[in-house]
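> Dropping a structure here in structure tokens format, bear with me for questions.
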Amino acid sequence: MDTAERVLAYGGGWLDRAGELRTDPARLEALLTEPTTVVLPLWRDRCLVDGDGPVRLTGDRASLVRTAADETVFLGFDGDVAVFAVDLSGLGEPAAVEMAGAARAVDVRALVGRLDPAGAAVQAYARGLLHWHRQQRYCGTCGAVAVAGGGGHVRTCSGAECGRLLFPRIEPAIIVLVEAPGSPERCLLARHAGAAEDSYSTLAGFVEVGESLEDAVRREMAEEAGITVTDVTYRGSQAWPFPAGLMVGFRATATSDEVRVDGVELLEARWFTRAELRERVAGGRRLGRVDSIDHQLLTGWLAEAR
């Protein structure tokens with residue numbers, strides 16, 4: 001199956017985001033009072049969970065939590081049920097956990113194996129949006145306080161002579177599985193700065209201003225590994241809210257198998273055959289993070305063995 005056809009972690013969210021309601025504060029306030037409305041509490045980018053997974057609050061408990069929240073954001077509808085998220089970061093962790101009726105606060109990445117893709121997508125959506133609010137308290141142009149609005153999807157500068165509208169930012173990055181030219185069929189993996197010995201992954205990098213995604217692939221491969229690539233092909237994308245990324249996966253083919261790492265971001269890089277990758281898996285090595293698109297790129301490549 002093509003990577004683009006798979007549901008990657010943090011993708012496949014089922015919510016109807018109902019963007020038209022973001023400019024209707026009266027309707028949003030009314031939804032918050034409905035007994036079936038679900039409120040998802042988070043604390044400093046972590047999900048508040050009980051034994052069954054992320055806490056989903058309704059009724060009086062939801063109302064109580066909202067009174068202590070730094071921000072309340074509208075996520076959308078799950079069928080006919082409105083879903084909001086609240087940020088309890090202003091409380092200490094024990095107080096936030098107790099108020100939400102939770103057991104602990106957990107990073108969403110630790111829950112991926114327990115949540116279906118859609119459930120993880122909603123938690124990631126809430127995490128990314130609430131993180132942005134904590135980082136965008138003030139206008140970057142004039143320094144005045146920025147006030148939340150639009151159901152939590154915009155902040156407006158309160159400066160009398162500014163009034164700038166501030167929207168959540170997404171940081172696009174490319175991640176690439178590079179194949180060697182000719183035979184034998186091999187892919188390029190690298191050890192990044194800070195990674196453990198014998199720990200390899202695909203190559204990635206952020207998209208710069210004025211670049212297309214394909215331009216970023218070619219530049220990053222040249223800068224980090226000293227290779228020129230052709231046949232740059234899109235394979236899929238993934239929300240990566242850590243804090244605000246969008247990972248865009250590609251395959252590409254190197255024009256030469258000579259590699260020259262930059263020594264800064266990459267410490268070493270080498271070509272692997274499918275047999276070598278299978279041997280690593282058999283020895284207990286993982287092919288990338290299970291919640292990351294690089295895992296899909298690598299397992300997809302392995303499945304193509306002829």
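Going through the structure tokens in order, the chains are called A, B, and so on, while each chain numbers its residues from 1 and the ligands are numbered from 1 in the order shown.
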Go through stretch 189-290 of chain A and collect every residue that DSSP, computed from the backbone, puts in strand (DSSP E or B); the answer should be as a VMD selection string.
chain A and resid 189 to 192 201 203 to 206 229 to 240 245 to 254 266 to 273
> For A:Glu93, work out the shell of residues within 12 Å, counting only C-alpha atoms and skipping chain neighbours fewer than 6 positions away, then give it as a VMD selection string.
chain A and resid 42 to 48 87 99 to 100 102 to 106
> Considering only C-alpha atoms, return as an mmCIF file with all heavy atoms, in the first residue's frame whatever protein or nucleic-acid residues lie within 8 Å of A:Val39, sequence-local ones (same chain, fewer than 5 positions apart) excluded.

```cif
data_model
loop_
_atom_site.group_PDB
_atom_site.id
_atom_site.type_symbol
_atom_site.label_atom_id
_atom_site.label_comp_id
_atom_site.auth_asym_id
_atom_site.auth_seq_id
_atom_site.Cartn_x
_atom_site.Cartn_y
_atom_site.Cartn_z
ATOM 1 N N ARG A 56 -12.294 12.596 29.058
ATOM 2 C CA ARG A 56 -13.306 13.325 28.282
ATOM 3 C C ARG A 56 -14.383 13.765 29.263
ATOM 4 O O ARG A 56 -15.129 12.940 29.772
ATOM 5 C CB ARG A 56 -13.893 12.435 27.183
ATOM 6 C CG ARG A 56 -12.896 12.041 26.110
ATOM 7 C CD ARG A 56 -13.441 10.930 25.207
ATOM 8 N NE ARG A 56 -14.662 11.296 24.523
ATOM 9 C CZ ARG A 56 -14.712 11.911 23.350
ATOM 10 N NH1 ARG A 56 -13.587 12.218 22.714
ATOM 11 N NH2 ARG A 56 -15.873 12.200 22.778
ATOM 12 N N LEU A 57 -14.434 15.053 29.522
ATOM 13 C CA LEU A 57 -15.310 15.578 30.565
ATOM 14 C C LEU A 57 -16.610 16.109 29.981
ATOM 15 O O LEU A 57 -16.623 16.694 28.898
ATOM 16 C CB LEU A 57 -14.611 16.699 31.330
ATOM 17 C CG LEU A 57 -13.251 16.356 31.944
ATOM 18 C CD1 LEU A 57 -12.654 17.570 32.616
ATOM 19 C CD2 LEU A 57 -13.382 15.193 32.925
ATOM 20 N N THR A 58 -17.688 15.918 30.722
ATOM 21 C CA THR A 58 -18.997 16.470 30.356
ATOM 22 C C THR A 58 -19.658 17.023 31.612
ATOM 23 O O THR A 58 -19.191 16.793 32.740
ATOM 24 C CB THR A 58 -19.920 15.396 29.728
ATOM 25 O OG1 THR A 58 -20.074 14.324 30.662
ATOM 26 C CG2 THR A 58 -19.320 14.857 28.427
ATOM 27 N N ALA A 62 -16.990 19.258 33.549
ATOM 28 C CA ALA A 62 -16.486 20.076 32.449
ATOM 29 C C ALA A 62 -16.606 21.560 32.780
ATOM 30 O O ALA A 62 -15.691 22.351 32.521
ATOM 31 C CB ALA A 62 -17.240 19.757 31.165
ATOM 32 N N VAL A 83 -16.962 19.416 20.718
ATOM 33 C CA VAL A 83 -15.739 19.043 21.429
ATOM 34 C C VAL A 83 -14.880 20.291 21.604
ATOM 35 O O VAL A 83 -14.574 20.989 20.631
ATOM 36 C CB VAL A 83 -14.951 17.953 20.675
ATOM 37 C CG1 VAL A 83 -13.707 17.560 21.463
ATOM 38 C CG2 VAL A 83 -15.822 16.726 20.408
ATOM 39 N N PHE A 84 -14.492 20.544 22.839
ATOM 40 C CA PHE A 84 -13.611 21.655 23.182
ATOM 41 C C PHE A 84 -12.364 21.094 23.881
ATOM 42 O O PHE A 84 -12.374 19.969 24.370
ATOM 43 C CB PHE A 84 -14.299 22.647 24.123
ATOM 44 C CG PHE A 84 -15.417 23.436 23.499
ATOM 45 C CD1 PHE A 84 -16.674 22.865 23.302
ATOM 46 C CD2 PHE A 84 -15.227 24.757 23.120
ATOM 47 C CE1 PHE A 84 -17.718 23.593 22.735
ATOM 48 C CE2 PHE A 84 -16.262 25.495 22.555
ATOM 49 C CZ PHE A 84 -17.498 24.911 22.360
ATOM 50 N N ALA A 85 -11.317 21.899 23.945
ATOM 51 C CA ALA A 85 -10.136 21.562 24.739
ATOM 52 C C ALA A 85 -9.835 22.725 25.655
ATOM 53 O O ALA A 85 -10.057 23.890 25.296
ATOM 54 C CB ALA A 85 -8.942 21.261 23.846
ATOM 55 N N VAL A 86 -9.319 22.429 26.845
ATOM 56 C CA VAL A 86 -8.973 23.475 27.802
ATOM 57 C C VAL A 86 -7.552 23.266 28.287
ATOM 58 O O VAL A 86 -7.063 22.135 28.377
ATOM 59 C CB VAL A 86 -9.937 23.500 29.006
ATOM 60 C CG1 VAL A 86 -11.353 23.829 28.561
ATOM 61 C CG2 VAL A 86 -9.914 22.181 29.769
#
```
> I need the residues of stretch 191-223 of chain A that end up classed as helix (DSSP H, G or I) by DSSP on the backbone, written out as a PyMOL selection string.
chain A and resi 213-223
> Just N, CA, C and O atoms for this one: save the residues we selected as a PDB file, in the first residue's frame.

```pdb
ATOM      1  N   LEU A 213       8.349  22.412  -1.498  1.00  0.00           N
ATOM      2  CA  LEU A 213       8.719  21.219  -0.745  1.00  0.00           C
ATOM      3  C   LEU A 213       9.823  20.438  -1.457  1.00  0.00           C
ATOM      4  O   LEU A 213      10.767  19.950  -0.831  1.00  0.00           O
ATOM      5  N   GLU A 214       9.715  20.347  -2.777  1.00  0.00           N
ATOM      6  CA  GLU A 214      10.728  19.615  -3.547  1.00  0.00           C
ATOM      7  C   GLU A 214      12.078  20.322  -3.492  1.00  0.00           C
ATOM      8  O   GLU A 214      13.133  19.674  -3.433  1.00  0.00           O
ATOM      9  N   ASP A 215      12.052  21.674  -3.520  1.00  0.00           N
ATOM     10  CA  ASP A 215      13.302  22.429  -3.373  1.00  0.00           C
ATOM     11  C   ASP A 215      13.960  22.101  -2.033  1.00  0.00           C
ATOM     12  O   ASP A 215      15.184  21.948  -1.950  1.00  0.00           O
ATOM     13  N   ALA A 216      13.146  22.015  -0.977  1.00  0.00           N
ATOM     14  CA  ALA A 216      13.680  21.726   0.352  1.00  0.00           C
ATOM     15  C   ALA A 216      14.313  20.340   0.396  1.00  0.00           C
ATOM     16  O   ALA A 216      15.356  20.149   1.033  1.00  0.00           O
ATOM     17  N   VAL A 217      13.705  19.373  -0.272  1.00  0.00           N
ATOM     18  CA  VAL A 217      14.287  18.028  -0.338  1.00  0.00           C
ATOM     19  C   VAL A 217      15.675  18.091  -0.958  1.00  0.00           C
ATOM     20  O   VAL A 217      16.654  17.567  -0.407  1.00  0.00           O
ATOM     21  N   ARG A 218      15.764  18.739  -2.098  1.00  0.00           N
ATOM     22  CA  ARG A 218      17.053  18.783  -2.798  1.00  0.00           C
ATOM     23  C   ARG A 218      18.109  19.538  -1.988  1.00  0.00           C
ATOM     24  O   ARG A 218      19.268  19.103  -1.910  1.00  0.00           O
ATOM     25  N   ARG A 219      17.730  20.659  -1.381  1.00  0.00           N
ATOM     26  CA  ARG A 219      18.700  21.443  -0.601  1.00  0.00           C
ATOM     27  C   ARG A 219      19.169  20.675   0.637  1.00  0.00           C
ATOM     28  O   ARG A 219      20.373  20.601   0.912  1.00  0.00           O
ATOM     29  N   GLU A 220      18.218  20.108   1.389  1.00  0.00           N
ATOM     30  CA  GLU A 220      18.589  19.414   2.619  1.00  0.00           C
ATOM     31  C   GLU A 220      19.486  18.210   2.343  1.00  0.00           C
ATOM     32  O   GLU A 220      20.449  17.954   3.074  1.00  0.00           O
ATOM     33  N   MET A 221      19.194  17.463   1.284  1.00  0.00           N
ATOM     34  CA  MET A 221      20.026  16.306   0.979  1.00  0.00           C
ATOM     35  C   MET A 221      21.443  16.741   0.587  1.00  0.00           C
ATOM     36  O   MET A 221      22.435  16.099   0.954  1.00  0.00           O
ATOM     37  N   ALA A 222      21.539  17.845  -0.120  1.00  0.00           N
ATOM     38  CA  ALA A 222      22.859  18.356  -0.515  1.00  0.00           C
ATOM     39  C   ALA A 222      23.619  18.892   0.693  1.00  0.00           C
ATOM     40  O   ALA A 222      24.820  18.635   0.855  1.00  0.00           O
ATOM     41  N   GLU A 223      22.934  19.650   1.553  1.00  0.00           N
ATOM     42  CA  GLU A 223      23.603  20.262   2.699  1.00  0.00           C
ATOM     43  C   GLU A 223      24.032  19.228   3.736  1.00  0.00           C
ATOM     44  O   GLU A 223      25.150  19.292   4.262  1.00  0.00           O
TER      45      GLU A 223
END
```
> Excluding A:Ala124 and its own-chain neighbours fewer than 2 positions away, which residues fall within 7 Å of it when counting only C-alpha atoms? Please give them as a PyMOL selection string.
chain A and resi 10+108+120-122+126-128+241
> Just how far from atom CA of A:Phe167 is atom CA of A:Thr36, in Å to one decimal?
29.0 Å
> I'd like to know which of A:Ser183, A:Gly150, A:Ile170, A:Leu111 is closest to A:Ala26, using only C-alpha atoms.
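Counting only C-alpha atoms, the residue closest to A:Ala26 is A:Gly150.
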> What's around A:Thr273 at 12 Å? Count only C-alpha atoms, leave out sequence neighbours fewer than 5 positions away in its own chain, and write the answer as a PyMOL selection string.
chain A and resi 179-180+183-189+278-280+298+301-302+305
> Excluding A:Arg289 and its own-chain neighbours fewer than 3 positions away, which residues fall within 12 Å of it when counting only C-alpha atoms? Please give them as a CSV table (one decimal) with N, CA and C atoms, in the first residue's frame.

```
chain,number,residue,atom,x,y,z
A,8,LEU,N,-1.7,7.7,9.0
A,8,LEU,CA,-0.5,7.9,9.8
A,8,LEU,C,-1.0,8.4,11.2
A,9,ALA,N,-0.1,8.2,12.2
A,9,ALA,CA,-0.4,8.7,13.5
A,9,ALA,C,-0.6,10.2,13.5
A,109,ARG,N,2.5,11.3,22.7
A,109,ARG,CA,3.3,10.3,22.0
A,109,ARG,C,3.3,8.9,22.7
A,110,ALA,N,3.1,9.0,24.0
A,110,ALA,CA,3.1,7.8,24.8
A,110,ALA,C,1.8,7.0,24.7
A,112,VAL,N,0.1,6.7,21.7
A,112,VAL,CA,-0.2,6.4,20.3
A,112,VAL,C,-0.6,4.9,20.2
A,113,GLY,N,0.1,4.0,20.8
A,113,GLY,CA,-0.2,2.6,20.7
A,113,GLY,C,-1.5,2.2,21.3
A,199,SER,N,22.4,4.1,15.8
A,199,SER,CA,21.0,4.5,15.7
A,199,SER,C,20.9,5.4,14.4
A,200,TYR,N,20.1,4.8,13.4
A,200,TYR,CA,20.0,5.5,12.1
A,200,TYR,C,18.5,5.8,11.8
A,201,SER,N,18.3,6.8,11.0
A,201,SER,CA,17.0,7.2,10.6
A,201,SER,C,17.1,7.9,9.3
A,202,THR,N,15.9,8.1,8.7
A,202,THR,CA,15.9,8.9,7.4
A,202,THR,C,16.3,10.3,7.6
A,285,ARG,N,16.1,-3.8,16.6
A,285,ARG,CA,16.2,-2.4,16.2
A,285,ARG,C,14.8,-1.9,15.6
A,286,ARG,N,14.4,-0.7,15.9
A,286,ARG,CA,13.2,-0.2,15.3
A,286,ARG,C,13.5,0.6,14.1
A,292,SER,N,5.8,7.9,13.6
A,292,SER,CA,6.3,8.8,12.7
A,292,SER,C,6.2,8.3,11.2
A,293,ILE,N,6.1,9.2,10.3
A,293,ILE,CA,6.1,8.8,8.9
A,293,ILE,C,7.3,8.1,8.4
A,294,ASP,N,8.5,8.4,9.1
A,294,ASP,CA,9.7,7.7,8.6
A,294,ASP,C,9.6,6.2,8.8
A,295,HIS,N,8.8,5.7,9.8
A,295,HIS,CA,8.6,4.3,10.0
A,295,HIS,C,7.8,3.8,8.8
A,296,GLN,N,6.8,4.5,8.3
A,296,GLN,CA,6.0,4.1,7.2
A,296,GLN,C,6.9,4.1,5.9
A,297,LEU,N,7.7,5.1,5.7
A,297,LEU,CA,8.6,5.1,4.6
A,297,LEU,C,9.5,3.9,4.5
A,298,LEU,N,10.0,3.6,5.6
A,298,LEU,CA,11.0,2.4,5.7
A,298,LEU,C,10.3,1.1,5.5
A,299,THR,N,9.2,0.9,6.2
A,299,THR,CA,8.5,-0.4,6.1
A,299,THR,C,7.9,-0.5,4.7
```
> Do you have the atom CA of A:His131-atom CA of A:Ala244 distance handy?
8.5 Å
> Atom CA of A:Val49 and atom CA of A:Val65 are how many Å apart?
14.4 Å
> Wanna dump the stretch 103-180 of chain A-stretch 16-25 of chain A contacts at 10 Å for me, each residue with its shortest atom pair and the distance in Å to one decimal, counting only C-alpha atoms, ordered by chain and number, as CSV?

```
residue,atom,partner,partner_atom,distance
A:Gly149,CA,A:Arg22,CA,8.0
A:Gly150,CA,A:Arg22,CA,4.5
A:Gly151,CA,A:Arg22,CA,4.7
A:Gly152,CA,A:Arg22,CA,7.9
A:His153,CA,A:Arg22,CA,7.5
A:Val154,CA,A:Arg22,CA,9.3
```
> Could you write out the selected residues, including C-alpha atoms, as a JSON list (two decimals), in the first residue's frame?

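Result file is again-v3.json:
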```
[["chain", "number", "residue", "atom", "x", "y", "z"],
["A", 149, "GLY", "CA", -11.02, 34.87, 19.74],
["A", 150, "GLY", "CA", -12.50, 32.89, 16.88],
["A", 151, "GLY", "CA", -13.17, 29.91, 19.09],
["A", 152, "GLY", "CA", -9.47, 29.80, 19.92],
["A", 153, "HIS", "CA", -8.25, 29.93, 16.31],
["A", 154, "VAL", "CA", -7.09, 33.54, 16.23]]
```
> Excluding same-chain residues fewer than 4 positions from stretch 254-266 of chain A, what lies within 7 Å of it counting only C-alpha atoms, as a list of chain:residue names?
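The filter keeps A:Val178, A:Glu179, A:Ala180, A:Pro181, A:Ala190, A:Arg191, A:His192, A:Ala193, A:Glu223, A:Glu224, A:Ala225, A:Gly226, A:Ile227, A:Thr228, A:Val229, A:Thr230.
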> Please save N, CA and C atoms of the selected residues as an mmCIF file, in the first residue's frame.

```cif
data_model
loop_
_atom_site.group_PDB
_atom_site.id
_atom_site.type_symbol
_atom_site.label_atom_id
_atom_site.label_comp_id
_atom_site.auth_asym_id
_atom_site.auth_seq_id
_atom_site.Cartn_x
_atom_site.Cartn_y
_atom_site.Cartn_z
ATOM 1 N N VAL A 178 15.888 8.166 0.717
ATOM 2 C CA VAL A 178 16.720 8.289 -0.486
ATOM 3 C C VAL A 178 17.204 6.911 -0.902
ATOM 4 N N GLU A 179 17.004 6.585 -2.176
ATOM 5 C CA GLU A 179 17.476 5.311 -2.724
ATOM 6 C C GLU A 179 18.759 5.522 -3.509
ATOM 7 N N ALA A 180 19.598 4.512 -3.489
ATOM 8 C CA ALA A 180 20.842 4.561 -4.250
ATOM 9 C C ALA A 180 20.564 4.333 -5.728
ATOM 10 N N PRO A 181 21.414 4.862 -6.593
ATOM 11 C CA PRO A 181 21.258 4.581 -8.019
ATOM 12 C C PRO A 181 21.751 3.166 -8.333
ATOM 13 N N ALA A 190 20.938 7.821 8.270
ATOM 14 C CA ALA A 190 21.992 8.622 8.894
ATOM 15 C C ALA A 190 21.857 8.601 10.406
ATOM 16 N N ARG A 191 22.994 8.835 11.058
ATOM 17 C CA ARG A 191 22.995 9.015 12.517
ATOM 18 C C ARG A 191 23.088 10.503 12.798
ATOM 19 N N HIS A 192 22.068 11.019 13.463
ATOM 20 C CA HIS A 192 21.974 12.444 13.729
ATOM 21 C C HIS A 192 22.744 12.825 14.982
ATOM 22 N N ALA A 193 23.116 14.065 15.078
ATOM 23 C CA ALA A 193 23.802 14.567 16.266
ATOM 24 C C ALA A 193 22.943 14.306 17.493
ATOM 25 N N GLU A 223 22.934 19.650 1.553
ATOM 26 C CA GLU A 223 23.603 20.262 2.699
ATOM 27 C C GLU A 223 24.032 19.228 3.736
ATOM 28 N N GLU A 224 23.164 18.291 4.050
ATOM 29 C CA GLU A 224 23.437 17.371 5.146
ATOM 30 C C GLU A 224 24.262 16.159 4.728
ATOM 31 N N ALA A 225 24.012 15.654 3.528
ATOM 32 C CA ALA A 225 24.669 14.407 3.120
ATOM 33 C C ALA A 225 25.523 14.545 1.875
ATOM 34 N N GLY A 226 25.569 15.737 1.277
ATOM 35 C CA GLY A 226 26.418 15.952 0.111
ATOM 36 C C GLY A 226 25.979 15.194 -1.115
ATOM 37 N N ILE A 227 24.670 14.916 -1.235
ATOM 38 C CA ILE A 227 24.188 14.153 -2.380
ATOM 39 C C ILE A 227 23.222 14.988 -3.206
ATOM 40 N N THR A 228 23.200 14.710 -4.488
ATOM 41 C CA THR A 228 22.222 15.292 -5.398
ATOM 42 C C THR A 228 21.142 14.252 -5.651
ATOM 43 N N VAL A 229 19.875 14.665 -5.583
ATOM 44 C CA VAL A 229 18.782 13.707 -5.764
ATOM 45 C C VAL A 229 17.884 14.115 -6.918
ATOM 46 N N THR A 230 17.285 13.123 -7.538
ATOM 47 C CA THR A 230 16.305 13.316 -8.609
ATOM 48 C C THR A 230 15.066 12.495 -8.262
#
```
> Closest to A:Ala69 among A:Thr33, A:Gly53, A:Arg134, A:Arg155, using only C-alpha atoms?
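That would be A:Arg134, the residue with the smallest distance to A:Ala69.
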> So which one's closest to A:Ile175, A:Leu129, A:Val207, A:Ala30, A:Cys157? Using only C-alpha atoms, please.
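Closest to A:Ile175, using only C-alpha atoms: A:Val207.
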> Using only C-alpha atoms for the distances, tell me which of A:Ala118, A:Val147, A:Ile174, A:Ala196 is nearest to A:Gly245.
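Checking each of A:Ala118, A:Val147, A:Ile174, A:Ala196 against A:Gly245, counting only C-alpha atoms, the winner is A:Ile174.
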